[in-house]
Structure formats: structure tokens, C-alpha cells
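Let me begin by presenting the structure, written as C-alpha cells, before commenting on it.
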Amino acid sequence: MSAADRPVESLGRETSPSLLRISRPGRGRFARLHLLLSAVLFFGGEGWAGVGTSAMQFVRMGGGARTAALGGARAAGHEAETVLWNPAGLARLGGPEATFTYERGPVDTNLQTAAAAWPRAGRRDALAVGVIHFGAGEIDGMDETGARRDAFTGSDFLASIGYARMQTREVAIGAAAEWVRSELAGVTGSGLAVSLGVQAARPRQGLVGGVAVRHLGPAVRFEREEDPLPMTIAAGGSWRPKIPVKGWRVPPIELLVEGAWSADLKMQAGAGLEVEPAPGLFARGGYRTGNHAGGGLSAGIGLRVKEWVLDYAYAPYGALGGTHLVTLTARLGRFGREGPQVTAGGPDDPVVQEAERVRKDAEAATVAAAVRASAPPAPVPVPAGLRREVIAFQPDGTEVPSEATAILKTLARQAATDGSVVVDVIGDSSPLSSPRTGSVASYLRDVGDVPAHRVRARPNPKAPFQPAPPDAVAVELRR
């Protein structure tokens, strides 16, 4: 008999004795029903946590195919669905985004996750909503003696609304309010919870870290029973190394890790690697631990075409086989901020964009400092009449004398800051007049930044220009 054909309770007993902890003495028929549904819940979904002794275990499920393929590491993510796992990541989105995931799990379970996020242009914050729906299919009923009864169904639902903002260029915070509801054979329980998160980025190093407290709230009441929510504390990070190889295109890669702790399941961990061998094509692999069904390797692929992204993942579930996830995401616009996480190391990579912005800011600051350091004092106004300065040369010299550079810079400042001034460089009509006037004119243009069209060399002057003295060049400013 295959795993999928065995009774749910049998599967639970074989795979994880700890499932029986949910059914406590004195809880009656509903406790036994709750045990059976929890066994199904344990096998459904993205499967990060397995099942524990708290209620509403389905809130640990959900997530897109990319997350599943990367071993469930999602504390440092910044997609629309992070409203469910670390709402701080919403602030790092670069535009509106909507996503939907369908997951077909073992034992006729299914899970749907949907989310939408709206970053506000110029505000460095974002709003988002998310939902998770879990369907358990038909479950064989039984009474407290173990005798079979009529089959029944169960389902669960979570709705979340979140808000996040960038506190600084590197730090984002977020919070989400959640409403959860579980229904089993006509018996329902519901409650409220919150999830809180913070993320910090070091764009130049390609690092992002995140910490989240998920599903914090009071116990959920089922008829006369109360069970705590599966509160979880998670921390993780991502790294996008820059690997320059001259003459080769190194595919962008991203490494992700996450560790999570909860009172009922203690410590779990996951890690994953994403590679983009060609623009818009992604290959992913991951590993997870801490799942009662057995940890193992997961894998997936992704394809981006313009604003659409299609992802697929396969995650293992021990003796039950595995689960398949398909996610469709639409990125509906961009604001030129940090940007969605779609191309690790590419032009739409938020880390690359942030690093580029930091680089440009540094360049602008450097240029501004250089301008301030070299800025000339306020120019001396040029009188309406003629101003004339004589530059003496050695008898056989043609280069600008060093002792003349100060006066030439002063003349250049005056000419460069007054658009009505022209500069005439006048020679003495000697054989060396042409190279001398050319040398002074070039100095005024290149060093003094006087526009070329306002500097005129006159090696053999004629009226009304007065020739320079022998072995000299005269510089005249005229309006």
C-alpha cells in the first residue's frame, strides 16, 4: 500500500510519534479530530516546520516556489509574500507586485498562497496583503475507541495586512496584523496575531540580514479548549558575492540561510543557492532540516519574461514522496528604488542598484569637495576700458615662465567668469612671437578654463593693437 493510500492516522503514527502529543487526555472527540487534521497539515504546504503541539500549524506553511526550492530561507527576502514571513522586506520592493502559488501536497492536501504589495513612490514605505488557504480533503473519522466513522473535511485560512518602511538607507522595519481561522467537521476556532520584522543591508558587500517574530498572539479557542499559536523566531541572511573574472561572464549567484526557533518544534534550519546562468533563467537548490517528515534536498527553476515571473519547485516529504509548487508573479511597475529581487547581480538587483546609487553619491561628493577646494575667490571685475599685462620671456624661451603663472591665473579667472570679456595675446612680431603667444593662449584655455573662442593669439599685431616689448607677450582683456 502506498503512503498516499494509508489512513492519515497510520501515516502520522509511522512518521512522527510526536504528532500524538496534540491529543491530550480528556479532550474528547474534537481532540481526536484535531489530531487527524494536524497530521494532514503536517504533510501539506511548503513544509518548513512539520507539526508541533500548538494550534494553527498551517500558518507555518505557504510561501512561493522560489522559497521552497531554497530550503525555506525567507527571513531576508523582499517579495510581496514577505508580508507573511518578514514584513520588513516589503520596504525594499521597487514597485507594485502580485503573486499566487498553488501547491499540491501528499495525501490529497492542497495549499494556495497569494499576496500583493504596493510600495509608495518617493515615500520609502509599502503596504501589502496576503492570504493562505489550506484544504485537507476528506479525512477518515473515528471515535475514541478507534472505530471508523463518517469522513469529514477541514480547512484553514489566514489573512494578513502589513506595513513596512525604510528607517535609514540600510535598515527597514515592518509589522503585519493577522487573522486565522480553522474549521474541522463543523467546529471552528479563530484568533488574532501579529508578525514583526527588521532587515538590514550592506549593499557594497552584497549582504542582507533579517530577523522576524512570526504569529505572536493569544491562544486560539476550540469549543472548550485553548491552544497556543505556533509563535516562531527566525533569523537569516542572503549574500550576493561579486566574482570578477576578466574576460568571462560569471553567472550572478545568491546564497540564503535561515534558522528558526519555536517552543514546540525547537530549532530548524534551511539554506539555498540560486544561480542565473542566462538573463531571466534561474536554477535553485536547497536543503532543510527540522522537518518530522525528514529533511532533504529541494530544487526548482524560474523564468522571467518582462514583468512576469514563473517559478516551479519540488520539496521532499520523506516516505510520502514530495510536493510540487508553482508560482506566478507579476511585477507591475518600478520606481527606480531598491527593486525586486529578480536578477541576482543584474541591473535590476536591489543590491546592485543600491551600490550604484552609493557610488554615484560618493562621486558627487568628491566632485563637490574638489570644486570647493579649487574654487577661485570672487573675480575682480574687469574695467570697461583696456587692461594689459606684460609677460617677459627669456631671450630664447617659448614656454610660459613660472613666475608669470600667478598673473595669468588671475587674468583667466576674470575672463572665465565674465562672458563679455575677450583675451588678446599679443606678440612682438619677432621669429619667436608665434610660439610664445601660442604657449600663453594654450595656458589660458587649458589651465585657466577660458573658452577657446574668447582667447585670440596675435603674434604679428596690427593697429589698433600695440605690439609687446621685445622678448615679451602682452595679454589684454577687452569687453
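Every chain in the C-alpha cells takes a letter, A first, then B, and so on in the order presented; its residues are numbered from 1, and the ligands are numbered from 1 following the presented order.
Counting only C-alpha atoms, A:Arg165 has the following residues at most 6 Å away, ignoring those fewer than 5 positions along the same chain: Ala91, Arg124, Asp125, Ala172 and Ile173 of chain A.
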Selection near stretch 447-462 of chain A, 7 Å with only C-alpha atoms, sequence-local residues under 2 positions removed, as a compact mmCIF listing (two decimals) with C-alpha atoms, in the first residue's frame:
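In the end it all went to result-v6.txt:
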# COMPACT_ATOMS: atom_id res chain seq x y z
CA LYS A 409 45.59 82.66 -13.46
CA ALA A 412 41.94 83.76 -16.59
CA ARG A 413 39.58 83.91 -13.59
CA ALA A 415 37.85 86.25 -18.21
CA ALA A 416 36.25 82.89 -17.37
CA VAL A 422 37.81 88.53 -24.66
CA VAL A 423 41.53 87.91 -24.24
CA ASP A 424 44.10 89.05 -26.81
CA VAL A 425 47.58 87.56 -26.56
CA ILE A 426 49.87 89.97 -28.43
CA GLY A 427 53.39 89.23 -29.59
CA ASP A 428 56.39 91.38 -30.53
CA SER A 429 56.49 90.34 -34.22
CA SER A 433 56.43 85.62 -31.29
CA SER A 434 54.21 82.87 -32.72
CA THR A 437 51.72 83.75 -27.99
CA GLY A 438 50.54 80.20 -28.71
CA ALA A 441 46.97 81.23 -25.22
CA TYR A 443 47.76 78.10 -20.89
CA LEU A 444 44.75 80.38 -20.60
CA ARG A 445 42.49 77.83 -22.31
CA PRO A 464 44.78 99.09 -33.04
CA PHE A 465 46.84 96.52 -31.07
CA GLN A 466 50.15 97.70 -29.66
CA PRO A 467 52.99 95.17 -30.05
Contact check, stretch 226-268 of chain A to stretch 69-84 of chain A, at most 6 Å, counting only C-alpha atoms, closest pairs as CSV:
residue,atom,partner,partner_atom,distance
A:Ala235,CA,A:Ala75,CA,5.9
A:Gly236,CA,A:Ala75,CA,5.2
A:Gly237,CA,A:Ala76,CA,5.1
A:Val257,CA,A:Ala73,CA,5.3
A:Glu258,CA,A:Ala73,CA,4.8
Spatial neighbours of A:Trp261, 8 Å, only C-alpha atoms, chain gap at least 5 places, as number ranges by chain: A: 232-234, 266-268
Filtered DSSP result for stretch 89-236 of chain A, state strand (DSSP E), as an MDAnalysis selection string: chainID A and resid 97:104 110:120 125:142 148:166 171:184 187:202 207:216 220:222 225:227 232:236
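If you measure from each of A:Thr101, A:Thr366, A:Gln394, A:Asn86 to A:Tyr312 using only C-alpha atoms, the closest one turns out to be A:Thr101.
In this structure, atom CA of A:Leu207 sits 13.5 Å away from atom CA of A:Arg92.
All residues of protein, DNA or RNA that reach within 8 Å of A:Glu103, judged by only C-alpha atoms and not counting those fewer than 2 positions away in the chain, are Gly45, Glu46, Thr101, Gly105, Asn110, Leu111, Gln112, Thr323, His324, Leu325 and Val326 of chain A.
Picture a line from atom CA of A:Ala177 to atom CA of A:Trp118; it runs 16.5 Å.
Counting only C-alpha atoms, A:Val131 has the following residues at most 7 Å away, ignoring those fewer than 2 positions along the same chain: Thr113, Ala114, Ala115, His133, Leu158, Ala159 and Ser160 of chain A.
The two atoms in question, atom CA of A:Ala392 and atom CA of A:Asp446, are spaced 20.4 Å apart.
Minimum distance to A:Ala164 across A:Gly130, A:Gly63, A:Pro87, A:Pro230 (counting only C-alpha atoms) occurs at A:Pro87.
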Contact residues around A:Tyr163 with only C-alpha atoms at 8 Å, ignoring same-chain residues under 3 positions, as a PyMOL selection string: chain A and resi 87-88+90+125-128+174-176
Take the residues from that selection and write them out as an mmCIF file, in the first residue's frame, keeping C-alpha atoms.
data_model
loop_
_atom_site.group_PDB
_atom_site.id
_atom_site.type_symbol
_atom_site.label_atom_id
_atom_site.label_comp_id
_atom_site.auth_asym_id
_atom_site.auth_seq_id
_atom_site.Cartn_x
_atom_site.Cartn_y
_atom_site.Cartn_z
ATOM 1 C CA PRO A 87 7.081 42.241 6.651
ATOM 2 C CA ALA A 88 10.196 44.460 6.786
ATOM 3 C CA LEU A 90 8.225 44.964 1.778
ATOM 4 C CA ASP A 125 7.400 52.549 2.582
ATOM 5 C CA ALA A 126 4.920 49.914 1.416
ATOM 6 C CA LEU A 127 1.547 48.319 2.148
ATOM 7 C CA ALA A 128 0.702 44.664 1.480
ATOM 8 C CA GLY A 174 7.736 46.141 9.284
ATOM 9 C CA ALA A 175 4.682 44.724 11.023
ATOM 10 C CA ALA A 176 1.641 42.712 9.944
#
